[in-house]
Amino acid sequence: MGSGRNRLTYKDSGVDIDAGDALVERIAPAAKATARRGAAADLGGFGGLFDLKAAGFKDPLLVASTDGVGTKLKLAIEMKRFDGIGQDLVAMCVNDIVVQGAEPLFFLDYYATGALDVDAAAAVIEGIARACKESGCALIGGETAEMPGLYAKGDFDLAGFGVGAVERGAVLPKTAAMRTGDVLIGVASSGVHSNGYSLVRKVIELAGLSLSAAAPFAGESSLGEALLTPTRLYVKSGLAAIRTGGVKGLAHITGGGITENLPRVLPASLDAEIDLTLWRVPPVFAWLAHEAGLPQAEMLRTFNCGVGLIAVADHARVSEMIAAFDGAGERAFVIGALVPAQGGEAAVRYRGIPA
């Protein structure tokens, strides 16, 4: 088409199409393993297709969520540990979908880097596929972008986009049904999950610790390994609890902690009263609070503090709901109740000293 004197190729500019093709070929089996009713989970098309009718829905509403992993990626890159970060990405999206009462259906990922490392990218995307399969949603597509000059060597970024569906009459929260005395059930987190890592990284820096050093709060693991523990996937357990019929609302506890996230599912007439003595806060949070000098109130509006999901439950169905969570592999426990609001909007009130 042209006879310019420089004779440059796309690869000369830093973009390796062959590496991209190799990645697609490498991850195709993992993506196909996520196939479910309504989706074939084939890669390579211009868009992903999903058949709601084939999935069994009659009058559905779609629920969409998009998110990333944040600066937790920096720890994964420094540690060269990429097997769990894909689960973080999926969890941040599908957990937000299930708390609306919806079943996650499909997921798409976006992986951007300066120069594609096929092994690293494959490890990330295979982790995404495993988490999708565990959550019952199909990985039906994604995008891998090489952008030389935009990312430092070895750096990459991740984003995800998930879609679920819920029958029109089953959308959560059911704020009109909430009453004083409804019980709050906490579901244990696996640690810090994927929020607050800018502060976590600052704590590591000020403490002068290496990621390879023994974790002060978990001596059997290195600090980096402990902090890279993946976010819990609450889809199976959340749907199991919903099927009991006793769930009035679910809150995914992410950035903003319990203080900011729980009121999002409550009516203005009710507050959440939480007893901090009712669960044991994992040691990582005590370490962060001590090293950063954070007061209790700031911890509770920054981190999940050991509770990654909260259910608002009819008091007559509490035992059944806890059994549903436990039966799906989670650890659930009562943490408080709903009380009349003291202000013009829902808020969280705390009592007791963390266990």
# chains A, B, ... in the order shown; residues from 1 in each chain; ligands from 1
call {"tool": "residues_around", "arguments": {"residues": "Ala138 in chain A", "least_positions_apart": "5", "cutoff": "12 Å", "atoms": "only C-alpha atoms", "output": "MDAnalysis selection string"}}
result
chainID A and resid 30:43 48:51 55 90 94 103:109 128:133 161:164
call {"tool": "closest_residue", "arguments": {"among": "A:Gly336, A:Gly47, A:Gly160, A:Gly343", "to": "Ala272 in chain A", "atoms": "only C-alpha atoms"}}
result
A:Gly336
call {"tool": "closest_residue", "arguments": {"among": "A:Val284, A:Ala328, A:Leu223, A:Ala22", "to": "Ile204 in chain A", "atoms": "only C-alpha atoms"}}
result
A:Leu223
call {"tool": "residues_around", "arguments": {"residues": "Thr244 in chain A", "least_positions_apart": "2", "cutoff": "9 Å", "atoms": "only C-alpha atoms", "output": "ChimeraX atom specification"}}
result
/A:239-242,246-247,317,320-321,324
call {"tool": "select_by_dssp", "arguments": {"residues": "range 61-222 of chain A", "states": "strand (DSSP E)", "output": "number ranges by chain"}}
result
A: 61-68, 103-113, 138-146, 156-167, 183-188, 214-215, 218-222
call {"tool": "residues_around", "arguments": {"residues": "Leu150 in chain A", "least_positions_apart": "5", "cutoff": "12 Å", "atoms": "only C-alpha atoms", "output": "ChimeraX atom specification"}}
result
/A:14,112-115,145,155-157
call {"tool": "write_last_selection", "arguments": {"atoms": "C-alpha atoms", "output": "JSON list (two decimals), in the first residue's frame"}}
result
[["chain", "number", "residue", "atom", "x", "y", "z"],
["A", 14, "GLY", "CA", 5.59, -2.43, 20.55],
["A", 112, "ALA", "CA", -4.41, -3.61, 29.30],
["A", 113, "THR", "CA", -0.62, -3.54, 29.35],
["A", 114, "GLY", "CA", 2.39, -1.94, 27.73],
["A", 115, "ALA", "CA", 3.81, -5.19, 26.35],
["A", 145, "ALA", "CA", -4.91, -4.22, 24.75],
["A", 155, "ASP", "CA", 2.50, -3.13, 34.67],
["A", 156, "PHE", "CA", -1.03, -3.93, 33.60],
["A", 157, "ASP", "CA", -4.58, -2.95, 34.49]]
call {"tool": "decode", "arguments": {"residues": "range 60-75 of chain A", "atoms": "N, CA, C and O atoms", "output": "JSON list (two decimals), in the first residue's frame"}}
result
[["chain", "number", "residue", "atom", "x", "y", "z"],
["A", 60, "PRO", "N", -37.58, -10.94, 33.07],
["A", 60, "PRO", "CA", -36.40, -10.53, 33.83],
["A", 60, "PRO", "C", -36.06, -9.05, 33.70],
["A", 60, "PRO", "O", -36.39, -8.39, 32.72],
["A", 61, "LEU", "N", -35.39, -8.58, 34.74],
["A", 61, "LEU", "CA", -34.68, -7.31, 34.67],
["A", 61, "LEU", "C", -33.19, -7.64, 34.64],
["A", 61, "LEU", "O", -32.74, -8.58, 35.31],
["A", 62, "LEU", "N", -32.43, -6.87, 33.86],
["A", 62, "LEU", "CA", -30.99, -7.07, 33.82],
["A", 62, "LEU", "C", -30.32, -6.21, 34.89],
["A", 62, "LEU", "O", -30.74, -5.09, 35.16],
["A", 63, "VAL", "N", -29.28, -6.76, 35.49],
["A", 63, "VAL", "CA", -28.49, -6.05, 36.49],
["A", 63, "VAL", "C", -27.04, -6.08, 36.02],
["A", 63, "VAL", "O", -26.49, -7.15, 35.76],
["A", 64, "ALA", "N", -26.43, -4.91, 35.87],
["A", 64, "ALA", "CA", -25.06, -4.84, 35.36],
["A", 64, "ALA", "C", -24.15, -4.21, 36.40],
["A", 64, "ALA", "O", -24.55, -3.34, 37.18],
["A", 65, "SER", "N", -22.89, -4.67, 36.41],
["A", 65, "SER", "CA", -21.90, -4.12, 37.33],
["A", 65, "SER", "C", -20.54, -4.12, 36.67],
["A", 65, "SER", "O", -20.18, -5.07, 35.96],
["A", 66, "THR", "N", -19.78, -3.07, 36.88],
["A", 66, "THR", "CA", -18.42, -3.00, 36.37],
["A", 66, "THR", "C", -17.49, -2.53, 37.48],
["A", 66, "THR", "O", -17.89, -1.74, 38.34],
["A", 67, "ASP", "N", -16.26, -3.06, 37.48],
["A", 67, "ASP", "CA", -15.33, -2.71, 38.56],
["A", 67, "ASP", "C", -13.92, -3.12, 38.15],
["A", 67, "ASP", "O", -13.72, -3.70, 37.08],
["A", 68, "GLY", "N", -12.98, -2.82, 39.01],
["A", 68, "GLY", "CA", -11.60, -3.22, 38.83],
["A", 68, "GLY", "C", -11.07, -3.81, 40.12],
["A", 68, "GLY", "O", -11.84, -4.13, 41.03],
["A", 69, "VAL", "N", -9.76, -3.94, 40.22],
["A", 69, "VAL", "CA", -9.12, -4.52, 41.40],
["A", 69, "VAL", "C", -8.38, -3.45, 42.19],
["A", 69, "VAL", "O", -8.00, -3.66, 43.34],
["A", 70, "GLY", "N", -8.19, -2.28, 41.59],
["A", 70, "GLY", "CA", -7.50, -1.21, 42.28],
["A", 70, "GLY", "C", -6.01, -1.48, 42.44],
["A", 70, "GLY", "O", -5.42, -2.28, 41.71],
["A", 71, "THR", "N", -5.42, -0.86, 43.43],
["A", 71, "THR", "CA", -3.96, -0.94, 43.58],
["A", 71, "THR", "C", -3.50, -2.25, 44.22],
["A", 71, "THR", "O", -2.30, -2.44, 44.43],
["A", 72, "LYS", "N", -4.41, -3.16, 44.51],
["A", 72, "LYS", "CA", -4.02, -4.51, 44.88],
["A", 72, "LYS", "C", -3.19, -5.13, 43.75],
["A", 72, "LYS", "O", -2.33, -5.99, 43.98],
["A", 73, "LEU", "N", -3.43, -4.66, 42.51],
["A", 73, "LEU", "CA", -2.65, -5.11, 41.36],
["A", 73, "LEU", "C", -1.16, -4.87, 41.57],
["A", 73, "LEU", "O", -0.32, -5.67, 41.11],
["A", 74, "LYS", "N", -0.80, -3.76, 42.22],
["A", 74, "LYS", "CA", 0.61, -3.45, 42.41],
["A", 74, "LYS", "C", 1.31, -4.53, 43.25],
["A", 74, "LYS", "O", 2.45, -4.87, 42.98],
["A", 75, "LEU", "N", 0.60, -5.05, 44.25],
["A", 75, "LEU", "CA", 1.18, -6.12, 45.06],
["A", 75, "LEU", "C", 1.33, -7.39, 44.23],
["A", 75, "LEU", "O", 2.35, -8.09, 44.32]]
